Structure formats: C-alpha cells, structure tokens
$ cat run_25.txt   # compact mmCIF, C-alpha atoms
# COMPACT_ATOMS: atom_id res chain seq x y z
CA MET A 1 -4.20 -3.60 -48.43
CA PHE A 2 -4.26 -6.40 -50.95
CA LEU A 3 -6.12 -7.50 -54.03
CA ALA A 4 -8.41 -10.48 -53.64
CA GLU A 5 -11.11 -12.47 -55.31
CA VAL A 6 -14.37 -13.23 -53.53
CA ILE A 7 -14.72 -17.03 -53.69
CA GLY A 8 -17.47 -17.90 -51.24
CA THR A 9 -20.00 -16.94 -48.61
CA VAL A 10 -19.95 -17.62 -44.88
CA VAL A 11 -22.95 -17.66 -42.54
CA SER A 12 -22.26 -17.14 -38.86
CA PRO A 13 -25.44 -17.15 -36.76
CA ILE A 14 -23.61 -17.09 -33.43
CA SER A 15 -20.83 -14.54 -33.06
CA VAL A 16 -19.43 -11.71 -30.96
CA PRO A 17 -21.75 -8.64 -30.95
CA GLU A 18 -19.64 -6.53 -33.33
CA LEU A 19 -19.88 -9.19 -36.06
CA GLN A 20 -23.64 -9.65 -35.83
CA GLY A 21 -25.59 -8.48 -38.86
CA ARG A 22 -22.49 -8.13 -41.02
CA THR A 23 -21.84 -9.99 -44.26
CA HIS A 24 -18.93 -12.43 -44.17
CA LEU A 25 -17.24 -13.44 -47.43
CA MET A 26 -14.47 -15.89 -48.21
CA VAL A 27 -11.67 -14.10 -50.07
CA ARG A 28 -8.49 -15.40 -51.71
CA PRO A 29 -5.59 -12.97 -52.13
CA VAL A 30 -4.38 -12.69 -55.74
CA THR A 31 -1.43 -11.12 -57.58
CA PRO A 32 -2.17 -8.11 -59.84
CA GLU A 33 -2.47 -10.57 -62.75
CA GLY A 34 -4.98 -12.65 -60.82
CA LYS A 35 -2.85 -15.62 -59.72
CA VAL A 36 -3.73 -17.14 -56.34
CA MET A 37 -1.38 -16.08 -53.57
CA GLY A 38 -1.41 -16.76 -49.83
CA LYS A 39 -4.02 -17.96 -47.38
CA THR A 40 -7.79 -17.87 -47.82
CA LYS A 41 -9.35 -15.39 -45.39
CA ILE A 42 -12.77 -14.38 -44.14
CA ALA A 43 -13.52 -10.69 -44.69
CA ILE A 44 -16.36 -8.42 -43.59
CA ASP A 45 -18.09 -6.81 -46.56
CA SER A 46 -18.67 -3.04 -46.43
CA ILE A 47 -19.57 -2.41 -50.09
CA GLY A 48 -21.98 -5.15 -51.23
CA ALA A 49 -19.50 -7.43 -52.98
CA GLY A 50 -20.42 -10.90 -54.27
CA VAL A 51 -18.80 -14.13 -55.39
CA GLY A 52 -16.53 -13.59 -58.41
CA ASP A 53 -15.77 -9.92 -57.69
CA ARG A 54 -12.20 -8.60 -57.63
CA VAL A 55 -11.89 -6.47 -54.51
CA LEU A 56 -9.56 -4.44 -52.34
CA VAL A 57 -9.15 -5.77 -48.79
CA VAL A 58 -7.59 -4.20 -45.71
CA ASP A 59 -6.18 -6.54 -43.03
CA GLU A 60 -5.38 -4.23 -40.14
CA GLY A 61 -7.48 -3.32 -37.12
CA GLY A 62 -7.19 0.48 -37.07
CA SER A 63 -8.33 0.86 -40.67
CA ALA A 64 -11.08 -1.74 -40.23
CA ARG A 65 -12.50 0.14 -37.24
CA GLN A 66 -12.54 3.39 -39.29
CA ILE A 67 -14.38 1.78 -42.20
CA LEU A 68 -16.93 0.03 -40.01
CA ASP A 69 -17.24 3.14 -37.81
CA ASP A 70 -16.95 1.05 -34.65
CA PRO A 71 -14.02 2.09 -32.41
CA GLU A 72 -14.41 -1.02 -30.23
CA ALA A 73 -14.62 -3.72 -32.91
CA GLY A 74 -12.19 -6.63 -32.80
CA ILE A 75 -12.28 -6.95 -36.58
CA ARG A 76 -9.34 -6.61 -38.95
CA THR A 77 -10.24 -8.00 -42.39
CA VAL A 78 -12.64 -5.76 -44.35
CA ILE A 79 -13.52 -5.46 -48.05
CA LEU A 80 -13.42 -1.74 -48.84
CA GLY A 81 -13.61 -1.42 -52.65
CA PHE A 82 -14.28 -2.99 -56.03
CA VAL A 83 -11.31 -3.15 -58.41
CA ASP A 84 -12.07 -1.70 -61.86
CA SER A 85 -8.64 -2.17 -63.37
CA VAL A 86 -5.02 -2.76 -62.43
CA SER A 87 -2.05 -1.58 -64.46
CA MET A 88 1.58 -2.50 -64.01
CA HIS A 89 4.51 -0.87 -65.83
CA GLY A 90 2.01 1.03 -67.98
CA GLU A 91 0.19 -2.11 -69.11
CA THR A 92 -3.30 -3.03 -68.02
CA VAL A 93 -3.10 -6.44 -66.34
CA TYR A 94 -6.69 -6.56 -65.11
CA ASP A 95 -9.82 -4.89 -66.45
CA HIS A 96 -13.18 -5.53 -64.85
CA ARG A 97 -14.99 -4.90 -68.17
CA ALA A 98 -12.84 -7.34 -70.15
CA MET B 1 -1.13 -18.94 -29.27
CA LEU B 2 1.30 -21.84 -29.46
CA ILE B 3 2.45 -24.50 -27.02
CA ALA B 4 6.08 -24.73 -25.98
CA LYS B 5 8.28 -26.34 -23.35
CA VAL B 6 10.52 -24.16 -21.22
CA VAL B 7 14.01 -25.52 -21.89
CA GLY B 8 16.16 -22.76 -20.41
CA SER B 9 16.61 -19.12 -19.60
CA VAL B 10 18.60 -16.25 -21.07
CA VAL B 11 20.81 -13.95 -19.05
CA ALA B 12 21.68 -10.68 -20.77
CA THR B 13 23.25 -7.98 -18.64
CA GLN B 14 23.61 -5.57 -21.53
CA LYS B 15 20.21 -5.08 -23.03
CA ASP B 16 17.76 -2.31 -23.74
CA GLU B 17 16.95 -0.64 -20.42
CA LYS B 18 13.24 -1.15 -21.07
CA LEU B 19 13.84 -4.89 -20.79
CA ALA B 20 15.44 -4.58 -17.33
CA ASN B 21 13.93 -6.83 -14.63
CA THR B 22 12.27 -9.18 -17.08
CA LYS B 23 12.78 -12.95 -17.03
CA LEU B 24 13.66 -14.30 -20.47
CA LEU B 25 12.88 -17.94 -21.15
CA VAL B 26 14.04 -20.19 -23.98
CA LEU B 27 11.07 -22.11 -25.34
CA GLN B 28 11.04 -25.11 -27.65
CA ILE B 29 7.82 -25.19 -29.64
CA HIS B 30 5.66 -28.33 -29.40
CA ASN B 31 2.88 -29.27 -31.82
CA HIS B 32 -0.67 -30.33 -30.96
CA LYS B 33 0.50 -33.91 -30.32
CA ASN B 34 3.05 -32.59 -27.81
CA GLU B 35 5.94 -33.49 -30.13
CA PRO B 36 8.91 -31.11 -29.86
CA GLN B 37 9.61 -29.14 -33.04
CA ASN B 38 13.01 -27.92 -34.18
CA GLN B 39 11.93 -24.35 -33.49
CA TYR B 40 12.88 -22.11 -30.56
CA VAL B 41 11.73 -18.75 -29.30
CA VAL B 42 12.80 -16.43 -26.50
CA ALA B 43 9.86 -15.05 -24.56
CA VAL B 44 9.31 -12.82 -21.54
CA ASP B 45 7.72 -14.64 -18.60
CA SER B 46 4.55 -13.15 -17.07
CA VAL B 47 3.24 -16.09 -15.03
CA GLY B 48 6.28 -17.50 -13.18
CA ALA B 49 7.03 -20.48 -15.41
CA GLY B 50 10.10 -22.65 -14.85
CA THR B 51 12.25 -25.15 -16.75
CA GLY B 52 10.26 -28.21 -17.82
CA ASP B 53 6.87 -26.48 -17.79
CA ILE B 54 4.60 -26.75 -20.83
CA VAL B 55 3.42 -23.20 -21.47
CA LEU B 56 1.29 -21.16 -23.81
CA TYR B 57 2.81 -18.08 -25.41
CA ALA B 58 1.37 -15.19 -27.39
CA ALA B 59 3.32 -13.50 -30.16
CA GLY B 60 3.31 -10.20 -32.00
CA SER B 61 1.93 -6.92 -30.63
CA SER B 62 -0.42 -8.91 -28.37
CA ALA B 63 2.67 -9.86 -26.35
CA ARG B 64 2.86 -6.30 -25.01
CA GLN B 65 -0.60 -6.58 -23.43
CA THR B 66 0.55 -7.53 -19.92
CA GLU B 67 1.57 -5.30 -17.00
CA ILE B 68 5.11 -6.73 -17.25
CA THR B 69 5.58 -6.20 -20.99
CA LYS B 70 3.50 -3.03 -21.49
CA ASP B 71 5.39 -0.44 -23.58
CA ARG B 72 8.46 -2.65 -23.72
CA PRO B 73 10.24 -4.08 -26.77
CA CYS B 74 8.80 -7.61 -26.58
CA ASP B 75 7.21 -9.82 -29.24
CA ALA B 76 6.59 -13.04 -27.32
CA VAL B 77 5.20 -13.54 -23.82
CA VAL B 78 4.49 -16.66 -21.77
CA MET B 79 0.86 -16.11 -20.68
CA ALA B 80 -0.21 -19.47 -19.20
CA ILE B 81 1.13 -22.71 -17.73
CA VAL B 82 -0.73 -25.59 -19.33
CA ASP B 83 -2.39 -28.22 -17.13
CA SER B 84 -3.85 -30.49 -19.80
CA TRP B 85 -5.40 -30.71 -23.23
CA ASP B 86 -7.37 -33.16 -25.32
CA MET B 87 -7.62 -33.63 -29.06
CA GLU B 88 -10.71 -35.16 -30.62
CA GLY B 89 -11.72 -36.64 -27.27
CA THR B 90 -8.35 -38.18 -26.36
CA ASP B 91 -6.14 -36.74 -23.63
CA VAL B 92 -2.81 -35.67 -25.13
CA PHE B 93 -1.09 -33.96 -22.22
CA GLN B 94 -1.62 -34.03 -18.47
CA LYS B 95 0.78 -32.09 -16.28
CA TRP B 96 0.23 -34.39 -13.30
CA SER B 97 1.17 -37.52 -15.23
CA GLU B 98 4.46 -36.12 -16.59
CA GLY B 99 7.51 -37.41 -14.69
CA MET C 1 -10.09 -13.64 -40.04
CA TYR C 2 -9.80 -17.28 -41.03
CA LEU C 3 -11.96 -20.37 -41.07
CA ALA C 4 -10.98 -23.13 -38.66
CA ARG C 5 -12.19 -26.38 -37.16
CA VAL C 6 -12.11 -26.74 -33.36
CA THR C 7 -10.13 -29.90 -32.57
CA GLY C 8 -9.54 -29.91 -28.83
CA ARG C 9 -9.74 -28.24 -25.46
CA LEU C 10 -6.96 -26.98 -23.23
CA VAL C 11 -6.83 -26.23 -19.51
CA ALA C 12 -4.46 -23.77 -17.83
CA THR C 13 -5.03 -22.61 -14.23
CA VAL C 14 -1.91 -20.46 -13.97
CA ILE C 15 -2.77 -17.79 -16.52
CA SER C 16 -2.23 -14.11 -17.15
CA PRO C 17 -4.59 -11.85 -15.11
CA GLY C 18 -7.80 -11.08 -17.00
CA LEU C 19 -7.85 -14.49 -18.70
CA ALA C 20 -9.17 -16.57 -15.80
CA GLY C 21 -12.24 -18.48 -16.96
CA VAL C 22 -11.65 -17.78 -20.65
CA ARG C 23 -12.10 -20.92 -22.79
CA LEU C 24 -8.96 -22.14 -24.58
CA GLN C 25 -9.36 -24.41 -27.60
CA TRP C 26 -7.16 -25.98 -30.25
CA ILE C 27 -8.05 -24.95 -33.78
CA GLN C 28 -6.94 -26.17 -37.20
CA PRO C 29 -7.18 -23.34 -39.76
CA ILE C 30 -8.67 -24.60 -43.04
CA ASP C 31 -8.76 -23.30 -46.62
CA GLU C 32 -11.65 -22.97 -49.09
CA LYS C 33 -11.54 -26.73 -49.81
CA GLY C 34 -11.62 -27.69 -46.14
CA GLU C 35 -7.95 -28.74 -46.25
CA PRO C 36 -5.69 -27.88 -43.27
CA MET C 37 -3.91 -24.55 -43.75
CA GLY C 38 -0.85 -24.22 -41.52
CA SER C 39 -0.35 -25.87 -38.14
CA GLN C 40 -2.77 -26.16 -35.26
CA GLN C 41 -2.80 -23.42 -32.66
CA VAL C 42 -4.54 -22.48 -29.43
CA ALA C 43 -7.19 -19.76 -29.42
CA CYS C 44 -9.42 -18.13 -26.82
CA SER C 45 -13.11 -18.49 -27.49
CA ALA C 46 -15.50 -15.53 -27.26
CA ILE C 47 -18.49 -17.76 -28.05
CA ASP C 48 -19.80 -21.17 -26.94
CA SER C 49 -17.76 -23.21 -29.42
CA GLY C 50 -16.63 -26.78 -28.91
CA PRO C 51 -14.65 -29.59 -30.58
CA GLY C 52 -15.91 -30.39 -34.09
CA ASP C 53 -17.38 -26.93 -34.71
CA LEU C 54 -16.56 -24.91 -37.81
CA VAL C 55 -15.64 -21.42 -36.61
CA GLU C 56 -14.00 -18.20 -37.67
CA PHE C 57 -11.15 -16.68 -35.67
CA VAL C 58 -9.31 -13.39 -35.67
CA ASP C 59 -5.55 -13.18 -35.11
CA GLY C 60 -3.11 -10.46 -34.06
CA ARG C 61 -3.88 -7.58 -31.72
CA GLU C 62 -7.60 -7.62 -32.61
CA ALA C 63 -7.87 -11.02 -30.92
CA ALA C 64 -7.64 -9.27 -27.55
CA VAL C 65 -10.15 -6.58 -28.56
CA ALA C 66 -12.65 -9.25 -29.66
CA LEU C 67 -12.82 -10.83 -26.20
CA PRO C 68 -15.76 -9.73 -24.05
CA GLY C 69 -14.81 -7.80 -20.91
CA GLU C 70 -11.09 -7.30 -20.30
CA THR C 71 -9.26 -6.44 -23.53
CA PHE C 72 -5.79 -5.69 -22.13
CA VAL C 73 -4.76 -9.34 -22.33
CA PRO C 74 -1.91 -11.16 -24.11
CA VAL C 75 -4.01 -13.03 -26.66
CA ASP C 76 -3.17 -13.45 -30.36
CA ALA C 77 -6.02 -15.68 -31.58
CA THR C 78 -9.72 -15.57 -30.66
CA ILE C 79 -12.70 -17.53 -31.99
CA VAL C 80 -15.32 -14.89 -32.84
CA GLY C 81 -18.06 -16.75 -34.66
CA TYR C 82 -19.73 -20.12 -35.15
CA VAL C 83 -20.10 -20.93 -38.87
CA SER C 84 -23.25 -22.80 -39.96
CA GLN C 85 -22.60 -22.49 -43.69
CA ALA C 86 -19.46 -21.74 -45.72
CA VAL C 87 -20.05 -22.15 -49.42
CA CYS C 88 -17.28 -22.07 -52.02
CA GLY C 89 -18.30 -23.33 -55.47
CA ASP C 90 -20.40 -26.47 -54.94
CA LEU C 91 -18.85 -27.22 -51.56
CA ASP C 92 -20.40 -26.37 -48.18
CA LEU C 93 -17.56 -26.72 -45.68
CA ALA C 94 -20.02 -26.89 -42.79
CA LYS C 95 -21.60 -30.03 -44.28
CA GLU C 96 -18.33 -31.58 -45.47
CA ASN C 97 -16.59 -33.68 -42.75
CA ALA C 98 -19.09 -32.35 -40.21

$ encode --input "run_25.txt" --output "structure tokens"
Amino acid sequence: MFLAEVIGTVVSPISVPELQGRTHLMVRPVTPEGKVMGKTKIAIDSIGAGVGDRVLVVDEGGSARQILDDPEAGIRTVILGFVDSVSMHGETVYDHRA
Amino acid sequence: MLIAKVVGSVVATQKDEKLANTKLLVLQIHNHKNEPQNQYVVAVDSVGAGTGDIVLYAAGSSARQTEITKDRPCDAVVMAIVDSWDMEGTDVFQKWSEG
Amino acid sequence: MYLARVTGRLVATVISPGLAGVRLQWIQPIDEKGEPMGSQQVACSAIDSGPGDLVEFVDGREAAVALPGETFVPVDATIVGYVSQAVCGDLDLAKENA
C-alpha cells in the first residue's frame, strides 16, 4: 500500500466488463510529508474519494479483488481509505484537518 | 511486453532441476524504433525462437503462465515471434524485408 | 493501472497458445501532464483500441486476468479501457494532442 494524492478524474466509456460502472481517479504517490514520488497511476475508487484527497492505495491484484468483491477482476490499483493523519518518529507530518 | 532480438543461447548443465529441459535465450532489448539498447535479458523460450529473430517477451509473474514455465523459477518468457509493426502509420519492422 | 497513448500496431503469427487473434499494440505511458512516462512497450488489447487513442492499461499478473477468454497466458500489459476524458487541473488529456 502507498500514500497518494488524488489529482484528477478519468472517464472510460468503453472498457472490460469488470471496470464498467466504477469510478476511475488519477492518483500521484506521495511521501509521508506529501512530496511527489513515482509514477502517476489510475486507481479504482471504492470509498468515494475526490480530487485533492490524501488516500491509501493498494497496488496488488489479490487485495484489489477482495476489496471489490470480484474474484475474477483483472484490476490491481484500488483506493481503499482516506488518510486522516500521518506521524513519523512521533511527529505528525500530515493532518487532514490542518 | 518488450521487443528484443535473440542474440544467443545459454547452456547451463548445473541449474535448478525445475529448469531442466528449458531453452534459455539471450535477448538484447530493442526500442520501439527497432534500435538495439544496451540491455540484455535471459528468457525461457516457449515458441521455438532462434538466433536473429525479433521476439516479444513477458516479464514478472506473468512469465510463468505458459505450459513450459508453469510452476518453474522463471521471470521472463519469449511468447511471440514478431512479424511486423508500425508506429504512427509508418512501418518500422518487417520480418520478410530483414536480410 | 496507467494512462497511455496507443502509438502503433504489431503483428506476430507465431505466438503462445491462447493468444492467437489477440490484438497487440504499442503504447506510450503518459503522466498527468500528458508527458511520456518511461519507454514504449507492447500491450494486448481487451477492447477495440487503435493508434492515437488515449487508454488505460493494467500491468503485471492482472494483465492476463483482464483478457477476455483464456487467462492462463504470458501477458504482462493489457489495455483495459478507452479514455474519453482525463482531467487534471485545467488540462483534459483526451483533448490535448488528440
């Protein structure tokens, strides 16, 4: 799992059956402090996230199939939680309310 | 998947017994313009490719999804011999026009 | 999953069993600005995509699962959706360099 920021929306009217009707969002992995890190990905939303949210993303097929409750899905990138706060070495480095 | 040219083969008599009876090829990776890159990979052959062929190989756990590589320690497999491709409407590679 | 632009088509008649008739296409992964992200690669297509299209693709083991029909195939990248709109900030990647 990794921390990411939702940076955009993606509309895909033609897709494989297991992707149809699901929300696609553009996410950018970030460090705990919020610095950009790594490649921009497309993730399937399972929680109702929107642009600007800090989220938790899983990028592995087995976990994705569990979350989406579809044992046949060829999907691996799924947003599974909002991040309220992150602390490192006892210090809060990210707080959603701040 | 990536494109590569078969440039040789590997013989290894002492290897994991699960890799017995597999053909190991040395591949030099080519980019989309068919330019050789300074990058090599050893892959198990599943389609009967030979030296000089331009092939397509799959990497990672997907490489174990053939009857030859199933349940074997393998992270790259040659899964197709390329006939031709075009980029933005222009033919880049044609097997029949290579020397 | 990642965003990508389809750039070319590839033909291979000698191919692993289960992949006969599957479309093979060159894709250039792109980032949230539409800039190339990494080198071009070949992907199977599970939809009716073609050169010039903005698409999303899945990599790794899930690429085989995403293909219709046979899923025990050595495939590590599959185009799973056609993208008609991908908005990040003020930029719609589907309109940009379309």

$ interface_residues --input "run_25.txt" --of "chain C" --to "chain B" --cutoff "12 Å" --atoms "all atoms listed in the file" --output "PDB file with C-alpha atoms, in the frame of the given file"
ATOM      1  CA  ARG C   5     -12.190 -26.380 -37.160  1.00  0.00           C
ATOM      2  CA  VAL C   6     -12.110 -26.740 -33.360  1.00  0.00           C
ATOM      3  CA  THR C   7     -10.130 -29.900 -32.570  1.00  0.00           C
ATOM      4  CA  GLY C   8      -9.540 -29.910 -28.830  1.00  0.00           C
ATOM      5  CA  ARG C   9      -9.740 -28.240 -25.460  1.00  0.00           C
ATOM      6  CA  LEU C  10      -6.960 -26.980 -23.230  1.00  0.00           C
ATOM      7  CA  VAL C  11      -6.830 -26.230 -19.510  1.00  0.00           C
ATOM      8  CA  ALA C  12      -4.460 -23.770 -17.830  1.00  0.00           C
ATOM      9  CA  THR C  13      -5.030 -22.610 -14.230  1.00  0.00           C
ATOM     10  CA  VAL C  14      -1.910 -20.460 -13.970  1.00  0.00           C
ATOM     11  CA  ILE C  15      -2.770 -17.790 -16.520  1.00  0.00           C
ATOM     12  CA  SER C  16      -2.230 -14.110 -17.150  1.00  0.00           C
ATOM     13  CA  PRO C  17      -4.590 -11.850 -15.110  1.00  0.00           C
ATOM     14  CA  GLY C  18      -7.800 -11.080 -17.000  1.00  0.00           C
ATOM     15  CA  LEU C  19      -7.850 -14.490 -18.700  1.00  0.00           C
ATOM     16  CA  ALA C  20      -9.170 -16.570 -15.800  1.00  0.00           C
ATOM     17  CA  VAL C  22     -11.650 -17.780 -20.650  1.00  0.00           C
ATOM     18  CA  ARG C  23     -12.100 -20.920 -22.790  1.00  0.00           C
ATOM     19  CA  LEU C  24      -8.960 -22.140 -24.580  1.00  0.00           C
ATOM     20  CA  GLN C  25      -9.360 -24.410 -27.600  1.00  0.00           C
ATOM     21  CA  TRP C  26      -7.160 -25.980 -30.250  1.00  0.00           C
ATOM     22  CA  ILE C  27      -8.050 -24.950 -33.780  1.00  0.00           C
ATOM     23  CA  GLN C  28      -6.940 -26.170 -37.200  1.00  0.00           C
ATOM     24  CA  GLY C  38      -0.850 -24.220 -41.520  1.00  0.00           C
ATOM     25  CA  SER C  39      -0.350 -25.870 -38.140  1.00  0.00           C
ATOM     26  CA  GLN C  40      -2.770 -26.160 -35.260  1.00  0.00           C
ATOM     27  CA  GLN C  41      -2.800 -23.420 -32.660  1.00  0.00           C
ATOM     28  CA  VAL C  42      -4.540 -22.480 -29.430  1.00  0.00           C
ATOM     29  CA  ALA C  43      -7.190 -19.760 -29.420  1.00  0.00           C
ATOM     30  CA  CYS C  44      -9.420 -18.130 -26.820  1.00  0.00           C
ATOM     31  CA  GLY C  50     -16.630 -26.780 -28.910  1.00  0.00           C
ATOM     32  CA  PRO C  51     -14.650 -29.590 -30.580  1.00  0.00           C
ATOM     33  CA  GLY C  52     -15.910 -30.390 -34.090  1.00  0.00           C
ATOM     34  CA  ASP C  53     -17.380 -26.930 -34.710  1.00  0.00           C
ATOM     35  CA  VAL C  58      -9.310 -13.390 -35.670  1.00  0.00           C
ATOM     36  CA  ASP C  59      -5.550 -13.180 -35.110  1.00  0.00           C
ATOM     37  CA  GLY C  60      -3.110 -10.460 -34.060  1.00  0.00           C
ATOM     38  CA  ARG C  61      -3.880  -7.580 -31.720  1.00  0.00           C
ATOM     39  CA  GLU C  62      -7.600  -7.620 -32.610  1.00  0.00           C
ATOM     40  CA  ALA C  63      -7.870 -11.020 -30.920  1.00  0.00           C
ATOM     41  CA  ALA C  64      -7.640  -9.270 -27.550  1.00  0.00           C
ATOM     42  CA  VAL C  65     -10.150  -6.580 -28.560  1.00  0.00           C
ATOM     43  CA  GLU C  70     -11.090  -7.300 -20.300  1.00  0.00           C
ATOM     44  CA  THR C  71      -9.260  -6.440 -23.530  1.00  0.00           C
ATOM     45  CA  PHE C  72      -5.790  -5.690 -22.130  1.00  0.00           C
ATOM     46  CA  VAL C  73      -4.760  -9.340 -22.330  1.00  0.00           C
ATOM     47  CA  PRO C  74      -1.910 -11.160 -24.110  1.00  0.00           C
ATOM     48  CA  VAL C  75      -4.010 -13.030 -26.660  1.00  0.00           C
ATOM     49  CA  ASP C  76      -3.170 -13.450 -30.360  1.00  0.00           C
ATOM     50  CA  ALA C  77      -6.020 -15.680 -31.580  1.00  0.00           C
ATOM     51  CA  THR C  78      -9.720 -15.570 -30.660  1.00  0.00           C
ATOM     52  CA  ILE C  79     -12.700 -17.530 -31.990  1.00  0.00           C
TER      53      ILE C  79
END

$ residues_around --input "run_25.txt" --residues "range 44-50 of chain A" --least-positions-apart "4" --cutoff "10 Å" --atoms "all atoms listed in the file" --output "list in words"
Glu5, Val6, Ile7, Gly8, Thr9, Val10, Leu19, Arg22, Thr23, His24, Leu25, Met26, Val27, Arg54, Val55, Val57, Val58, Ala64, Ile67, Leu68, Ile75, Arg76, Thr77, Val78, Ile79, Leu80, Gly81 and Phe82 of chain A; Met1 of chain C

$ atom_distance --input "run_25.txt" --atom1 "CA of Gln85 in chain C" --atom2 "CA of Ser12 in chain A"
7.2 Å

$ closest_residue --input "run_25.txt" --among "A:Pro71, A:Gly61, A:Gly21, A:Gly90" --to "chain C" --atoms "all atoms listed in the file"
A:Gly61

$ atom_distance --input "run_25.txt" --atom1 "CA of Leu3 in chain A" --atom2 "CA of Pro29 in chain A"
5.8 Å

$ interface_residues --input "run_25.txt" --of "chain C" --to "chain A" --cutoff "7 Å" --atoms "all atoms listed in the file" --output "number ranges by chain"
C: 1-3, 31-32, 46-47, 62-63, 65-66, 80-89

$ residues_around --input "run_25.txt" --residues "Met88 in chain A" --least-positions-apart "6" --cutoff "10 Å" --atoms "all atoms listed in the file" --output "NGL selection string"
:A and (32-33 or 94)

$ atom_distance --input "run_25.txt" --atom1 "CA of Leu91 in chain C" --atom2 "CA of Leu54 in chain C"
14.1 Å
